[in-house]
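Student: One file is attached below, start-v9.pdb, containing PDB, C-alpha atoms, pLDDT in the B column.
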```
ATOM      1  CA  MET A   1     112.094 121.961 111.761  1.00 45.00           C
ATOM      2  CA  THR A   2     110.382 121.243 108.450  1.00 46.00           C
ATOM      3  CA  ALA A   3     107.855 118.521 107.915  1.00 46.00           C
ATOM      4  CA  GLU A   4     108.711 115.953 105.295  1.00 50.00           C
ATOM      5  CA  ALA A   5     106.131 114.937 102.746  1.00 43.00           C
ATOM      6  CA  PRO A   6     104.944 111.358 103.090  1.00 45.00           C
ATOM      7  CA  PRO A   7     106.501 109.026 100.540  1.00 47.00           C
ATOM      8  CA  VAL A   8     104.493 108.471  97.376  1.00 47.00           C
ATOM      9  CA  PRO A   9     103.618 104.804  97.057  1.00 56.00           C
ATOM     10  CA  ALA A  10     105.295 103.102  94.132  1.00 63.00           C
ATOM     11  CA  LEU A  11     102.791 102.348  91.395  1.00 79.00           C
ATOM     12  CA  SER A  12     103.161  98.937  89.837  1.00 86.00           C
ATOM     13  CA  TYR A  13     101.515 100.244  86.630  1.00 91.00           C
ATOM     14  CA  GLY A  14     100.345 103.484  85.041  1.00 94.00           C
ATOM     15  CA  ARG A  15     101.107 107.075  86.012  1.00 95.00           C
ATOM     16  CA  LEU A  16      99.989 109.363  88.840  1.00 96.00           C
ATOM     17  CA  ILE A  17      99.214 112.869  87.508  1.00 97.00           C
ATOM     18  CA  PRO A  18      98.583 115.771  89.938  1.00 97.00           C
ATOM     19  CA  VAL A  19      95.319 117.700  89.482  1.00 97.00           C
ATOM     20  CA  THR A  20      93.809 120.650  91.306  1.00 97.00           C
ATOM     21  CA  VAL A  21      90.259 120.880  92.631  1.00 98.00           C
ATOM     22  CA  HIS A  22      89.140 124.506  92.825  1.00 97.00           C
ATOM     23  CA  LEU A  23      86.421 125.956  95.045  1.00 96.00           C
ATOM     24  CA  ASP A  24      84.110 126.410  92.047  1.00 96.00           C
ATOM     25  CA  ASP A  25      84.406 122.665  91.277  1.00 96.00           C
ATOM     26  CA  LEU A  26      82.347 121.966  94.395  1.00 96.00           C
ATOM     27  CA  ASP A  27      78.562 121.747  94.278  1.00 96.00           C
ATOM     28  CA  ALA A  28      76.032 123.474  96.538  1.00 96.00           C
ATOM     29  CA  LEU A  29      76.668 120.861  99.261  1.00 96.00           C
ATOM     30  CA  GLY A  30      80.416 121.499  99.196  1.00 96.00           C
ATOM     31  CA  LEU A  31      81.238 118.216  97.409  1.00 97.00           C
ATOM     32  CA  LEU A  32      83.203 117.815  94.211  1.00 97.00           C
ATOM     33  CA  HIS A  33      80.497 117.784  91.536  1.00 97.00           C
ATOM     34  CA  ASN A  34      80.057 114.330  89.984  1.00 96.00           C
ATOM     35  CA  ALA A  35      80.731 115.666  86.463  1.00 96.00           C
ATOM     36  CA  ARG A  36      84.135 117.035  87.517  1.00 97.00           C
ATOM     37  CA  TYR A  37      85.694 113.611  88.159  1.00 97.00           C
ATOM     38  CA  PRO A  38      85.749 112.566  84.470  1.00 95.00           C
ATOM     39  CA  LEU A  39      86.718 116.127  83.486  1.00 96.00           C
ATOM     40  CA  LEU A  40      89.745 116.031  85.794  1.00 97.00           C
ATOM     41  CA  ALA A  41      90.643 112.558  84.509  1.00 96.00           C
ATOM     42  CA  GLU A  42      90.464 113.903  80.939  1.00 95.00           C
ATOM     43  CA  ARG A  43      92.749 116.817  81.842  1.00 96.00           C
ATOM     44  CA  ALA A  44      95.250 114.380  83.356  1.00 97.00           C
ATOM     45  CA  TRP A  45      95.189 112.230  80.192  1.00 95.00           C
ATOM     46  CA  THR A  46      95.621 115.341  78.033  1.00 94.00           C
ATOM     47  CA  GLU A  47      98.689 116.326  80.057  1.00 95.00           C
ATOM     48  CA  LEU A  48     100.162 112.835  79.796  1.00 95.00           C
ATOM     49  CA  TRP A  49      99.607 112.525  76.032  1.00 93.00           C
ATOM     50  CA  GLN A  50     100.803 116.064  75.297  1.00 92.00           C
ATOM     51  CA  ALA A  51     104.090 115.173  77.008  1.00 93.00           C
ATOM     52  CA  HIS A  52     104.407 112.484  74.299  1.00 92.00           C
ATOM     53  CA  GLY A  53     103.551 114.862  71.431  1.00 89.00           C
ATOM     54  CA  VAL A  54      99.900 113.833  71.024  1.00 90.00           C
ATOM     55  CA  ARG A  55      97.782 116.976  70.923  1.00 88.00           C
ATOM     56  CA  PHE A  56      94.853 118.601  69.160  1.00 88.00           C
ATOM     57  CA  ASP A  57      95.494 122.144  67.972  1.00 88.00           C
ATOM     58  CA  GLY A  58      92.251 122.671  66.063  1.00 88.00           C
ATOM     59  CA  ASP A  59      93.206 120.883  62.824  1.00 89.00           C
ATOM     60  CA  TRP A  60      91.511 117.481  62.564  1.00 87.00           C
ATOM     61  CA  ALA A  61      93.639 116.411  59.582  1.00 87.00           C
ATOM     62  CA  ALA A  62      96.855 117.080  61.554  1.00 89.00           C
ATOM     63  CA  ALA A  63      95.516 115.693  64.847  1.00 91.00           C
ATOM     64  CA  GLY A  64      96.675 112.129  64.217  1.00 93.00           C
ATOM     65  CA  ASP A  65      96.067 109.996  67.297  1.00 95.00           C
ATOM     66  CA  ALA A  66      94.336 112.926  69.026  1.00 94.00           C
ATOM     67  CA  CYS A  67      91.472 112.472  66.547  1.00 94.00           C
ATOM     68  CA  ASN A  68      89.398 110.087  68.657  1.00 95.00           C
ATOM     69  CA  ALA A  69      85.981 109.849  70.239  1.00 95.00           C
ATOM     70  CA  VAL A  70      84.578 108.436  73.451  1.00 96.00           C
ATOM     71  CA  LYS A  71      82.486 105.305  73.005  1.00 97.00           C
ATOM     72  CA  GLU A  72      81.809 104.530  76.667  1.00 97.00           C
ATOM     73  CA  LEU A  73      82.411 106.040  80.112  1.00 97.00           C
ATOM     74  CA  ARG A  74      81.877 104.230  83.406  1.00 98.00           C
ATOM     75  CA  ILE A  75      82.577 105.702  86.811  1.00 97.00           C
ATOM     76  CA  THR A  76      82.010 104.586  90.383  1.00 97.00           C
ATOM     77  CA  TYR A  77      82.159 107.040  93.270  1.00 97.00           C
ATOM     78  CA  GLU A  78      83.704 105.660  96.455  1.00 96.00           C
ATOM     79  CA  ALA A  79      84.067 108.662  98.807  1.00 96.00           C
ATOM     80  CA  PRO A  80      83.235 112.369  98.530  1.00 96.00           C
ATOM     81  CA  VAL A  81      85.872 115.026  97.908  1.00 97.00           C
ATOM     82  CA  THR A  82      84.948 117.791 100.338  1.00 97.00           C
ATOM     83  CA  SER A  83      87.575 120.470  99.821  1.00 97.00           C
ATOM     84  CA  PRO A  84      89.624 122.195  97.169  1.00 98.00           C
ATOM     85  CA  GLY A  85      93.288 121.324  96.879  1.00 97.00           C
ATOM     86  CA  THR A  86      95.789 119.047  95.205  1.00 98.00           C
ATOM     87  CA  TYR A  87      94.712 115.532  94.313  1.00 98.00           C
ATOM     88  CA  ALA A  88      95.859 113.092  91.640  1.00 97.00           C
ATOM     89  CA  VAL A  89      94.546 110.877  88.893  1.00 98.00           C
ATOM     90  CA  HIS A  90      96.102 107.441  88.496  1.00 97.00           C
ATOM     91  CA  LEU A  91      95.996 106.548  84.789  1.00 97.00           C
ATOM     92  CA  TRP A  92      96.603 103.290  82.938  1.00 97.00           C
ATOM     93  CA  LEU A  93      95.444 101.323  79.917  1.00 97.00           C
ATOM     94  CA  GLU A  94      93.306  98.233  80.421  1.00 97.00           C
ATOM     95  CA  ARG A  95      93.321  97.326  76.720  1.00 97.00           C
ATOM     96  CA  LEU A  96      95.099  98.614  73.626  1.00 97.00           C
ATOM     97  CA  GLY A  97      93.474  97.424  70.406  1.00 97.00           C
ATOM     98  CA  THR A  98      94.090  98.292  66.779  1.00 98.00           C
ATOM     99  CA  THR A  99      91.554 101.135  66.584  1.00 98.00           C
ATOM    100  CA  GLY A 100      90.339 101.421  70.175  1.00 98.00           C
ATOM    101  CA  LEU A 101      91.521 101.348  73.740  1.00 97.00           C
ATOM    102  CA  THR A 102      90.128 101.175  77.233  1.00 98.00           C
ATOM    103  CA  TYR A 103      91.762 103.296  79.848  1.00 97.00           C
ATOM    104  CA  GLY A 104      91.355 103.026  83.562  1.00 97.00           C
ATOM    105  CA  PHE A 105      91.518 105.878  86.008  1.00 97.00           C
ATOM    106  CA  ARG A 106      91.371 106.429  89.729  1.00 97.00           C
ATOM    107  CA  PHE A 107      90.685 109.871  91.218  1.00 97.00           C
ATOM    108  CA  CYS A 108      92.713 109.808  94.422  1.00 97.00           C
ATOM    109  CA  SER A 109      94.594 111.698  97.084  1.00 97.00           C
ATOM    110  CA  ALA A 110      97.797 113.408  95.935  1.00 96.00           C
ATOM    111  CA  ASP A 111      99.857 110.532  97.323  1.00 95.00           C
ATOM    112  CA  GLY A 112      97.659 107.910  95.654  1.00 95.00           C
ATOM    113  CA  THR A 113      96.625 106.202  98.882  1.00 95.00           C
ATOM    114  CA  VAL A 114      92.938 107.216  99.073  1.00 96.00           C
ATOM    115  CA  THR A 115      90.548 106.468  96.181  1.00 97.00           C
ATOM    116  CA  TYR A 116      87.549 108.776  95.723  1.00 97.00           C
ATOM    117  CA  ALA A 117      86.326 107.434  92.367  1.00 97.00           C
ATOM    118  CA  HIS A 118      87.445 105.014  89.680  1.00 97.00           C
ATOM    119  CA  GLY A 119      86.338 104.117  86.211  1.00 97.00           C
ATOM    120  CA  THR A 120      87.056 103.233  82.623  1.00 98.00           C
ATOM    121  CA  ARG A 121      86.641 104.990  79.323  1.00 97.00           C
ATOM    122  CA  VAL A 122      86.668 103.482  75.832  1.00 98.00           C
ATOM    123  CA  LEU A 123      88.144 105.591  73.010  1.00 97.00           C
ATOM    124  CA  VAL A 124      88.095 104.932  69.266  1.00 98.00           C
ATOM    125  CA  ARG A 125      90.741 106.430  66.953  1.00 97.00           C
ATOM    126  CA  LEU A 126      89.039 108.143  63.988  1.00 97.00           C
ATOM    127  CA  ASP A 127      90.110 108.955  60.460  1.00 96.00           C
ATOM    128  CA  ALA A 128      89.745 112.749  60.180  1.00 94.00           C
ATOM    129  CA  ALA A 129      88.227 112.621  56.680  1.00 94.00           C
ATOM    130  CA  THR A 130      85.691 109.813  57.162  1.00 96.00           C
ATOM    131  CA  LEU A 131      85.221 109.761  60.959  1.00 95.00           C
ATOM    132  CA  ARG A 132      85.447 105.965  60.727  1.00 97.00           C
ATOM    133  CA  PRO A 133      87.711 103.898  63.010  1.00 98.00           C
ATOM    134  CA  THR A 134      91.366 103.765  61.973  1.00 98.00           C
ATOM    135  CA  ALA A 135      94.530 102.350  63.518  1.00 98.00           C
ATOM    136  CA  TRP A 136      96.581 104.054  66.212  1.00 97.00           C
ATOM    137  CA  SER A 137     100.082 105.044  65.072  1.00 96.00           C
ATOM    138  CA  GLU A 138     103.012 102.865  66.110  1.00 97.00           C
ATOM    139  CA  GLY A 139     104.425 105.729  68.232  1.00 95.00           C
ATOM    140  CA  PHE A 140     101.144 106.004  70.116  1.00 95.00           C
ATOM    141  CA  ARG A 141     100.995 102.226  70.548  1.00 96.00           C
ATOM    142  CA  ALA A 142     104.565 102.177  71.947  1.00 96.00           C
ATOM    143  CA  VAL A 143     103.635 104.685  74.659  1.00 95.00           C
ATOM    144  CA  GLY A 144     100.356 102.855  75.238  1.00 95.00           C
ATOM    145  CA  ARG A 145     102.142  99.544  75.838  1.00 95.00           C
ATOM    146  CA  GLU A 146     104.129 101.205  78.657  1.00 94.00           C
ATOM    147  CA  LEU A 147     100.817 102.162  80.316  1.00 95.00           C
ATOM    148  CA  LEU A 148      99.156  98.754  80.100  1.00 95.00           C
ATOM    149  CA  ARG A 149      98.050  97.294  83.400  1.00 95.00           C
ATOM    150  CA  PRO A 150      99.498  93.830  83.954  1.00 91.00           C
ATOM    151  CA  ALA A 151      96.942  91.035  83.616  1.00 84.00           C
ATOM    152  CA  HIS A 152      95.194  90.455  86.920  1.00 69.00           C
TER     153      HIS A 152
END
```
Have the structure of the file written as structure tokens, please.
Tutor:
Amino acid sequence: MTAEAPPVPALSYGRLIPVTVHLDDLDALGLLHNARYPLLAERAWTELWQAHGVRFDGDWAAAGDACNAVKELRITYEAPVTSPGTYAVHLWLERLGTTGLTYGFRFCSADGTVTYAHGTRVLVRLDAATLRPTAWSEGFRAVGRELLRPAH
């Protein structure tokens, strides 16, 4: 007899992206190092955006919407991750402005039921030549609208 995986809860907004915690992500106490949570969230966002054609390949002029910078990062830790394995990052947009956005994230169990940390990050889209804020493309905004969290 084979065990069936528990059902993944339906998300009412955003996407759940699998991530892997490796043994060397743990600190000397055997806990996921605090700096790894935002790193794993960033890797999940990179995977999501690359699936929509948004990527940075080393050329700032060709980067388009991938030419952006972090303005703010906030994170709250709820429970320690104590072992390597498969987890997930729940991703969504809190706000999508003309030149900036605020995304939300939740580092959680693979099935999305247990939250270990959550936070927000503000990004600003930059013009590659001037490094001044510039507007997101309409294609980027269309994908972003699909990720917006409903008003709560």
Student: Counting all atoms listed in the file, which residues sit no farther than 9 Å from the position (93.1, 110.4, 80.2) in the file's frame? I'd like them as a PDB file with C-alpha atoms, in the coordinates of the input.
Tutor:
```pdb
ATOM      1  CA  PRO A  38      85.749 112.566  84.470  1.00 95.00           C
ATOM      2  CA  LEU A  40      89.745 116.031  85.794  1.00 97.00           C
ATOM      3  CA  ALA A  41      90.643 112.558  84.509  1.00 96.00           C
ATOM      4  CA  GLU A  42      90.464 113.903  80.939  1.00 95.00           C
ATOM      5  CA  ARG A  43      92.749 116.817  81.842  1.00 96.00           C
ATOM      6  CA  ALA A  44      95.250 114.380  83.356  1.00 97.00           C
ATOM      7  CA  TRP A  45      95.189 112.230  80.192  1.00 95.00           C
ATOM      8  CA  THR A  46      95.621 115.341  78.033  1.00 94.00           C
ATOM      9  CA  GLU A  47      98.689 116.326  80.057  1.00 95.00           C
ATOM     10  CA  LEU A  48     100.162 112.835  79.796  1.00 95.00           C
ATOM     11  CA  TRP A  49      99.607 112.525  76.032  1.00 93.00           C
ATOM     12  CA  VAL A  89      94.546 110.877  88.893  1.00 98.00           C
ATOM     13  CA  LEU A  91      95.996 106.548  84.789  1.00 97.00           C
ATOM     14  CA  TRP A  92      96.603 103.290  82.938  1.00 97.00           C
ATOM     15  CA  TYR A 103      91.762 103.296  79.848  1.00 97.00           C
ATOM     16  CA  GLY A 104      91.355 103.026  83.562  1.00 97.00           C
ATOM     17  CA  PHE A 105      91.518 105.878  86.008  1.00 97.00           C
ATOM     18  CA  ARG A 121      86.641 104.990  79.323  1.00 97.00           C
TER      19      ARG A 121
END
```
Student: With only C-alpha atoms as the basis for distance, which of A:Ala142, A:Val81, A:Ala62, A:Leu126 is at the shortest distance from Asp27 of chain A?
Tutor: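 Among the listed residues, A:Val81 lies closest to Asp27 of chain A.
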Student: Could you tell me how far atom CA of Gly58 of chain A sits from atom CA of Arg106 of chain A, in Å to one decimal place?
Tutor: 28.7 Å
Student: With only C-alpha atoms as the counted atoms, please give the residues lying no more than 7 Å from Thr99 of chain A, apart from itself and same-chain residues fewer than 2 positions off, as a ChimeraX atom specification.
Tutor: /A:97,124-125,133-136
Student: Rounded to one decimal in Å, what is the spacing between atom CA of Thr20 of chain A and atom CA of Gly112 of chain A?
Tutor: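 Spanning atom CA of Thr20 of chain A to atom CA of Gly112 of chain A is a straight-line distance of 14.0 Å.
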Student: Quick check, in Å to one decimal: how far apart do atom CA of Ala61 of chain A and atom CA of Leu96 of chain A lie?
Tutor: 22.7 Å
Student: Excluding His118 of chain A and residues on its chain fewer than 6 positions from it, collect all residues at most 9 Å away from it, counting all atoms listed in the file, and give them as a CSV table (one decimal) with C-alpha atoms, keeping the file's coordinate frame.
Tutor:
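Listed below is the output, selection_11.csv:
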```csv
chain,number,residue,atom,x,y,z
A,37,TYR,CA,85.7,113.6,88.2
A,74,ARG,CA,81.9,104.2,83.4
A,75,ILE,CA,82.6,105.7,86.8
A,76,THR,CA,82.0,104.6,90.4
A,77,TYR,CA,82.2,107.0,93.3
A,78,GLU,CA,83.7,105.7,96.5
A,104,GLY,CA,91.4,103.0,83.6
A,105,PHE,CA,91.5,105.9,86.0
A,106,ARG,CA,91.4,106.4,89.7
A,107,PHE,CA,90.7,109.9,91.2
A,108,CYS,CA,92.7,109.8,94.4
```
Student: Hey, which of A:Ala28, A:Ala35, A:Val70, A:Ile17 ends up closest to Ala51 of chain A? Count all atoms listed in the file.
Tutor: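 Once distances to Ala51 of chain A are computed over all atoms listed in the file, the minimum belongs to A:Ile17.
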